[in-house]
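Enquirer: Quick one: the structure is below, and I'll ask about it shortly.
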Amino acid sequence: MNHLGCLMVLSFLFFACSREDGEKALFNSPGHFPPTSYDFSQNPLTPAGFALGKKLFYDPILSRDGTISCNSCHQQASAFAHAQHDLSHGVDDKLGRRNAPTLQNLAWRTSLGWDGGVPHLDLFPFDPITNPVEMDEKMPNVLAKLQVHSQYPTLFEKAFGSKTISTANLMKALSQFQLMLVSAGSRYDRYLKGQESALNVDEKSGLLLFQQKCAACHAGPLQTDHSFRHNGLHPLGKDPGRFSVTLDSLDYLRFKVPTLRNIAQSGPYMHDGRLKTLAEVIEHYRNGATMHKRVDPLLKGGIAISKTEKNQIIAFLRSLSDDGFLKNPRFLE
Amino acid sequence: MIFRISLFIVLCSFFACQKNEQPSPSAKNDSGSVVVKFDNRFGSTKLLLDGTEYQNAAGENLFISRFDYYISNIKLQRTDGSFYTVLQDSSYFLVREDQLASQRVTLRKVPLGEYKGISFTIGIDSLRSTMPLAQRTGVLDPGTTAADMYWTWNSGYIFVKMEGSSPAIAADPNTGKRNFWFHIGGFGGYNQRSINNLRQVNLNVSDGTLTVSKGQTRASSFHLIVNAAKMMEGVQKVSLAKNPVVMFNSFSSTLADNYAAGMFSLSHVENY
C-alpha cells in the first residue's frame, strides 16, 4: 500500500513536471500578439496530446464512411483552408454552404465558424463531424470506433492518463493540435518587431493604406476585431449568417471578420468562397454601388481605393504569408 | 437454462430496485431518497409511440414517434415553505418516452422531513450549458447520451424534443412524408443575447405531504403527469400544418410557454 502510494505520488509529480515543461516548449504566445482567449489551464498542452490531436486531425475515421478527415478541407499549404474550393466538400461529394476557413492562431479566437455559433474550440469538432454535408457521422460511433482501434486507446492513455476515450479528451486532443497552429513569422511580423527592411516600399505604402481603409474591421496583428458584419455581398442562397445564432434581425447576413494572415494562399475568399482573387475582393469593397443595402455603415458607398493603391494593398496582404507556418514539418501528417 | 437466466435477471432487477430505493447508507440516517416518476400522456391517455393516433387542440390528427425532455435544478419544498435544493451535480435528468428507466428519477440524500412541493427547470441552465465538456458527462455528454439532444452548430442542448407526423401537414415534395419536428432549446446565448427557452415549473401536492423518514423500506415518490398535448395548447393553440418545423427560431418560445403552462402536473405522492 505504501509502495503504491509512493508510486502514485511519484508518477503524479513526473506527469505534472512533464506537462509543464511540454507546455512551455510547445506553445509560445508571440510578443506582439494580444493575450490568448483559450483557457490553457483547462487543457494543458503536452507532446502526447499534440501528437494525438494531429493523428486525429488527419484521420478519416472521424467520418461516417472513412473518406473525409479534418484535413480534407483544412490543408496546411493553404493555412489549413481548402485551396481552390469555394465550398466545403463532405462525404458522398456533398457540398457545404460555406467556405472552409483557415485554421491558424485559434487560441486568440473568441468564437468559431463564420456565424460564431460555437463559442469554444473544444466544442467545434462536433459540428463538422456530425454535419450531414461534411463528415456525417454520429459522435457515439466516433468514440466507439476509436475505442476499439489498435492504437488510439494507448495514445489517449499517454495524453490523458486513461485508455477510456471520453468526449472531453477527444475534443481536448483535437484542440491541442489546432492551438499549436500559430502563424506569426511573416515578413509583416518581422517588420512589426522592428526590422524595417522586411517590407519593401510598395508593401509599406500598402500597410499605411490598409491601416487607413481596412483596419477598422481587420484590426490589430490578427487583422480582425472578431465582430460580425455585413460586407455588402448579396446573398446567393438562403444562408442568414449570424442571424441563425442570435435570432437578432440586425445580425441577418452578417458574417465574421476573418483574419487575413496567409491570405494569398487561402483563396477563394468570402464566407461562400465566391471571389477567386484578392483583386476581386478589393474591387468589391471599392464598388459601393453594387453593395447590398444592409451593408455595414463602415462600407457604405464603398472604400475609395485607386488602382495604384489597390496594387499596394495587395502587395501588403502578400507580406502576411508565413512560409515557416505553411511548410512547418511539425504540422505534417 | 432459460429459467436460470430469468432468475438472474429477476434477482438483478430486485437488487437494482433495492439499491435505487433504499435510503443511502452513507447518509447516516439523517437523509433518504425520493423518487420522481414521469408519466407521459397525451390528453387523458397514455402516450404511446407505436402509431396510436391522437388529436391536438387545433383539431389535427397526429402520431408521435419521439418525446424526450431535460429536467434540471430540482428543489423540494418543505411544509414550512423552505426549499431543499438537490446537489447541482446530481440534478440533471433526461427523460425519454422510449426508455422506461429514464422516466423514474431518484434523488438521494434528501433531508428527512415532510415535503409539499417540487420545482425544477425544463432544460439545461446557461451555467451548465457553458461548462467545460469534462463537467458535462452522463446525460449531458454531447458525444454520447446527449448527442441527439445537442445543437452542434449553435452550441447548446435541445431541452424538449417531440417528433411525429400528421395527415394535416402538407407532404414533403421529395419524400412524400408529413412529419413534424419540435426541437426546443436556447439558454439565452453565450456572448450575445439570444432566445431563452428555459422554463421553471413549480408543483404542489394538493392533498397531504411527501414523507422522508428513517427506516423507509422504499423511497417515497412524486407522481408527475406529463401531458404532451400541452405543447400545442398550453397558452396558444399551435397548428402542425402551419408549424411543422419548430427548432431554433423565435416561434420556439411559444412552444416553451406552452410546455411551461401545465404540461407537468403533480398527480399524487406515495409514502412508505
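Naming works like this for the C-alpha cells: A, B, ... for the chains as they're shown, residue 1 at the start of each chain, ligands 1 onward in shown order.
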Write out as CSV the residues of stretch 113-197 of chain A that have any atom within 8 Å of an atom of stretch 82-94 of chain A, one row each with the nearest atom pair and its distance in Å to one decimal, counting only C-alpha atoms, sorted by chain and then rising number.

Expert:
```
residue,atom,partner,partner_atom,distance
A:Pro132,CA,A:Gly90,CA,8.0
A:Val133,CA,A:Gly90,CA,5.1
A:Glu134,CA,A:Gly90,CA,3.8
A:Met135,CA,A:Gly90,CA,5.8
A:Asp136,CA,A:Val91,CA,6.9
```

Enquirer: At a cut-off of 7 Å, can you tabulate as CSV every residue of chain A near chain B together with its closest atom pair and the distance in Å to one decimal, using only C-alpha atoms and ordering rows by chain then number?

Expert:
```
residue,atom,partner,partner_atom,distance
A:Gly117,CA,B:Asn154,CA,4.3
A:Val118,CA,B:Ser155,CA,5.4
A:Pro119,CA,B:Tyr190,CA,7.0
A:Phe126,CA,B:Thr152,CA,5.5
A:Asp127,CA,B:Thr152,CA,4.7
A:Met139,CA,B:Gly143,CA,4.9
A:Pro140,CA,B:Thr144,CA,5.0
A:Thr167,CA,B:Gly143,CA,5.3
A:Ala168,CA,B:Leu133,CA,5.1
A:Val245,CA,B:Asn154,CA,6.1
A:Thr246,CA,B:Ser194,CA,4.7
A:Leu247,CA,B:Ser194,CA,6.4
```

Enquirer: One decimal, in Å: what's the spacing between atom CA of A:Cys217 and atom CA of A:His292?

Expert: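 Separation between atom CA of A:Cys217 and atom CA of A:His292: 18.1 Å.
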
Enquirer: Please return as a ChimeraX atom specification: the residues of stretch 24-186 of chain A that backbone DSSP assigns to alpha helix (DSSP H).

Expert: /A:24-26,47-57,70-73,126-130,139-147,152-160,167-179

Enquirer: Would you kindly return, as an MDAnalysis selection string, each protein, DNA or RNA residue with an atom no farther than 9 Å from any atom of A:Met171, considering only C-alpha atoms and excluding same-chain residues fewer than 5 positions away?

Expert: (chainID A and resid 53 121:126 166 176) or (chainID B and resid 133)

Enquirer: Residues of the last selection are to be written out with N, CA, C and O atoms, as a PDB file, in the first residue's frame.

Expert:
```
ATOM      1  N   GLY A  53      -3.732  14.685 -31.209  1.00  0.00           N
ATOM      2  CA  GLY A  53      -4.617  15.597 -31.932  1.00  0.00           C
ATOM      3  C   GLY A  53      -4.280  15.636 -33.411  1.00  0.00           C
ATOM      4  O   GLY A  53      -5.171  15.661 -34.260  1.00  0.00           O
ATOM      5  N   LEU A 121     -13.227  26.407 -28.797  1.00  0.00           N
ATOM      6  CA  LEU A 121     -12.567  25.494 -29.733  1.00  0.00           C
ATOM      7  C   LEU A 121     -12.875  24.023 -29.422  1.00  0.00           C
ATOM      8  O   LEU A 121     -13.053  23.217 -30.339  1.00  0.00           O
ATOM      9  N   ASP A 122     -12.952  23.668 -28.136  1.00  0.00           N
ATOM     10  CA  ASP A 122     -13.219  22.270 -27.769  1.00  0.00           C
ATOM     11  C   ASP A 122     -14.600  21.804 -28.234  1.00  0.00           C
ATOM     12  O   ASP A 122     -14.860  20.608 -28.293  1.00  0.00           O
ATOM     13  N   LEU A 123     -15.494  22.751 -28.507  1.00  0.00           N
ATOM     14  CA  LEU A 123     -16.848  22.371 -28.917  1.00  0.00           C
ATOM     15  C   LEU A 123     -17.004  22.346 -30.433  1.00  0.00           C
ATOM     16  O   LEU A 123     -18.021  21.918 -30.947  1.00  0.00           O
ATOM     17  N   PHE A 124     -15.987  22.836 -31.139  1.00  0.00           N
ATOM     18  CA  PHE A 124     -16.174  22.995 -32.579  1.00  0.00           C
ATOM     19  C   PHE A 124     -16.262  21.687 -33.357  1.00  0.00           C
ATOM     20  O   PHE A 124     -17.120  21.529 -34.220  1.00  0.00           O
ATOM     21  N   PRO A 125     -15.383  20.700 -33.092  1.00  0.00           N
ATOM     22  CA  PRO A 125     -15.387  19.495 -33.947  1.00  0.00           C
ATOM     23  C   PRO A 125     -16.732  18.763 -34.026  1.00  0.00           C
ATOM     24  O   PRO A 125     -16.991  18.065 -35.000  1.00  0.00           O
ATOM     25  N   PHE A 126     -17.599  18.932 -33.018  1.00  0.00           N
ATOM     26  CA  PHE A 126     -18.926  18.307 -33.097  1.00  0.00           C
ATOM     27  C   PHE A 126     -19.625  18.665 -34.406  1.00  0.00           C
ATOM     28  O   PHE A 126     -20.351  17.858 -34.974  1.00  0.00           O
ATOM     29  N   SER A 166     -12.984   9.551 -23.635  1.00  0.00           N
ATOM     30  CA  SER A 166     -14.155  10.379 -23.319  1.00  0.00           C
ATOM     31  C   SER A 166     -14.314  11.467 -24.375  1.00  0.00           C
ATOM     32  O   SER A 166     -13.370  11.816 -25.085  1.00  0.00           O
ATOM     33  N   GLN A 176      -5.603  20.590 -28.941  1.00  0.00           N
ATOM     34  CA  GLN A 176      -4.158  20.724 -28.720  1.00  0.00           C
ATOM     35  C   GLN A 176      -3.411  20.863 -30.040  1.00  0.00           C
ATOM     36  O   GLN A 176      -2.502  21.685 -30.157  1.00  0.00           O
TER      37      GLN A 176
ATOM     38  N   LEU B 133     -16.415  20.589 -21.223  1.00  0.00           N
ATOM     39  CA  LEU B 133     -17.001  19.273 -21.502  1.00  0.00           C
ATOM     40  C   LEU B 133     -16.752  18.274 -20.385  1.00  0.00           C
ATOM     41  O   LEU B 133     -17.584  17.409 -20.126  1.00  0.00           O
TER      42      LEU B 133
END
```

Enquirer: Just the residues within 12 Å of A:Asn99, please, counting only C-alpha atoms, with nothing from its chain fewer than 5 positions along; format it as a PyMOL selection string.

Expert: chain A and resi 73-74+80-89+113-114+255+258+266-276

Enquirer: Determine, counting only C-alpha atoms, which protein, DNA and RNA residues have an atom within 12 Å of an atom of B:Gln200; residues of the same chain fewer than 6 positions away are not included. Present the result as an MDAnalysis selection string.

Expert: chainID B and resid 70:75 118:125 256:257 259:264

Enquirer: Generate a file of the selected residues that holds N, CA and C atoms, formatted as a PDB file, in the first residue's frame.

Expert:
```
ATOM      1  N   TYR B  70     -35.372  17.362 -20.933  1.00  0.00           N
ATOM      2  CA  TYR B  70     -34.444  17.509 -19.805  1.00  0.00           C
ATOM      3  C   TYR B  70     -35.149  18.170 -18.628  1.00  0.00           C
ATOM      4  N   ILE B  71     -34.869  17.651 -17.433  1.00  0.00           N
ATOM      5  CA  ILE B  71     -35.317  18.232 -16.166  1.00  0.00           C
ATOM      6  C   ILE B  71     -34.051  18.531 -15.370  1.00  0.00           C
ATOM      7  N   SER B  72     -33.962  19.716 -14.777  1.00  0.00           N
ATOM      8  CA  SER B  72     -32.754  20.014 -14.003  1.00  0.00           C
ATOM      9  C   SER B  72     -33.052  20.924 -12.823  1.00  0.00           C
ATOM     10  N   ASN B  73     -32.035  21.099 -11.990  1.00  0.00           N
ATOM     11  CA  ASN B  73     -32.105  22.036 -10.850  1.00  0.00           C
ATOM     12  C   ASN B  73     -33.370  21.827 -10.004  1.00  0.00           C
ATOM     13  N   ILE B  74     -33.496  20.603  -9.514  1.00  0.00           N
ATOM     14  CA  ILE B  74     -34.702  20.232  -8.760  1.00  0.00           C
ATOM     15  C   ILE B  74     -34.623  20.772  -7.327  1.00  0.00           C
ATOM     16  N   LYS B  75     -35.733  21.298  -6.873  1.00  0.00           N
ATOM     17  CA  LYS B  75     -35.862  21.741  -5.480  1.00  0.00           C
ATOM     18  C   LYS B  75     -37.112  21.095  -4.892  1.00  0.00           C
ATOM     19  N   ILE B 118     -42.584  20.307  -5.422  1.00  0.00           N
ATOM     20  CA  ILE B 118     -41.342  20.078  -6.184  1.00  0.00           C
ATOM     21  C   ILE B 118     -41.276  21.138  -7.287  1.00  0.00           C
ATOM     22  N   SER B 119     -40.087  21.687  -7.493  1.00  0.00           N
ATOM     23  CA  SER B 119     -39.926  22.614  -8.615  1.00  0.00           C
ATOM     24  C   SER B 119     -38.658  22.248  -9.369  1.00  0.00           C
ATOM     25  N   PHE B 120     -38.647  22.570 -10.645  1.00  0.00           N
ATOM     26  CA  PHE B 120     -37.480  22.220 -11.482  1.00  0.00           C
ATOM     27  C   PHE B 120     -37.464  23.090 -12.723  1.00  0.00           C
ATOM     28  N   THR B 121     -36.343  23.015 -13.418  1.00  0.00           N
ATOM     29  CA  THR B 121     -36.192  23.717 -14.691  1.00  0.00           C
ATOM     30  C   THR B 121     -36.425  22.717 -15.813  1.00  0.00           C
ATOM     31  N   ILE B 122     -37.146  23.150 -16.852  1.00  0.00           N
ATOM     32  CA  ILE B 122     -37.223  22.338 -18.074  1.00  0.00           C
ATOM     33  C   ILE B 122     -36.069  22.826 -18.945  1.00  0.00           C
ATOM     34  N   GLY B 123     -35.068  21.952 -19.141  1.00  0.00           N
ATOM     35  CA  GLY B 123     -33.904  22.341 -19.932  1.00  0.00           C
ATOM     36  C   GLY B 123     -32.638  22.380 -19.101  1.00  0.00           C
ATOM     37  N   ILE B 124     -31.574  22.905 -19.675  1.00  0.00           N
ATOM     38  CA  ILE B 124     -30.259  22.951 -19.039  1.00  0.00           C
ATOM     39  C   ILE B 124     -29.859  24.419 -18.879  1.00  0.00           C
ATOM     40  N   ASP B 125     -29.649  24.834 -17.637  1.00  0.00           N
ATOM     41  CA  ASP B 125     -29.327  26.228 -17.339  1.00  0.00           C
ATOM     42  C   ASP B 125     -28.085  26.700 -18.096  1.00  0.00           C
ATOM     43  N   ALA B 256     -42.321  26.820 -25.793  1.00  0.00           N
ATOM     44  CA  ALA B 256     -41.770  26.776 -24.428  1.00  0.00           C
ATOM     45  C   ALA B 256     -42.793  27.309 -23.431  1.00  0.00           C
ATOM     46  N   ASP B 257     -43.466  28.401 -23.805  1.00  0.00           N
ATOM     47  CA  ASP B 257     -44.522  28.929 -22.929  1.00  0.00           C
ATOM     48  C   ASP B 257     -45.627  27.886 -22.755  1.00  0.00           C
ATOM     49  N   TYR B 259     -45.327  24.536 -22.957  1.00  0.00           N
ATOM     50  CA  TYR B 259     -44.991  23.400 -22.080  1.00  0.00           C
ATOM     51  C   TYR B 259     -44.754  23.831 -20.642  1.00  0.00           C
ATOM     52  N   ALA B 260     -44.491  25.122 -20.440  1.00  0.00           N
ATOM     53  CA  ALA B 260     -44.349  25.597 -19.057  1.00  0.00           C
ATOM     54  C   ALA B 260     -45.705  25.749 -18.387  1.00  0.00           C
ATOM     55  N   ALA B 261     -46.739  25.923 -19.205  1.00  0.00           N
ATOM     56  CA  ALA B 261     -48.067  26.191 -18.648  1.00  0.00           C
ATOM     57  C   ALA B 261     -48.906  24.920 -18.619  1.00  0.00           C
ATOM     58  N   GLY B 262     -48.591  24.056 -17.706  1.00  0.00           N
ATOM     59  CA  GLY B 262     -49.486  22.923 -17.472  1.00  0.00           C
ATOM     60  C   GLY B 262     -49.131  21.607 -18.123  1.00  0.00           C
ATOM     61  N   MET B 263     -47.977  21.517 -18.820  1.00  0.00           N
ATOM     62  CA  MET B 263     -47.608  20.207 -19.353  1.00  0.00           C
ATOM     63  C   MET B 263     -47.275  19.248 -18.197  1.00  0.00           C
ATOM     64  N   PHE B 264     -46.664  19.810 -17.148  1.00  0.00           N
ATOM     65  CA  PHE B 264     -46.330  18.995 -15.974  1.00  0.00           C
ATOM     66  C   PHE B 264     -47.360  19.249 -14.880  1.00  0.00           C
TER      67      PHE B 264
END
```

Enquirer: Would you compute the distance between atom CA of A:Ser63 and atom CA of A:Ser37? Give it in Å to one decimal.

Expert: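 Separation of atom CA of A:Ser63 and atom CA of A:Ser37: 29.0 Å.
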
Enquirer: Identify, on the basis of only C-alpha atoms, every residue whose closest approach to stretch 175-185 of chain B does not exceed 9 Å; exclude the query and any residue fewer than 3 positions from it along the same chain; express the result as a ChimeraX atom specification.

Expert: /B:123-124,149-151,156-172,195-198,240-241,243-249,252-253,255-256
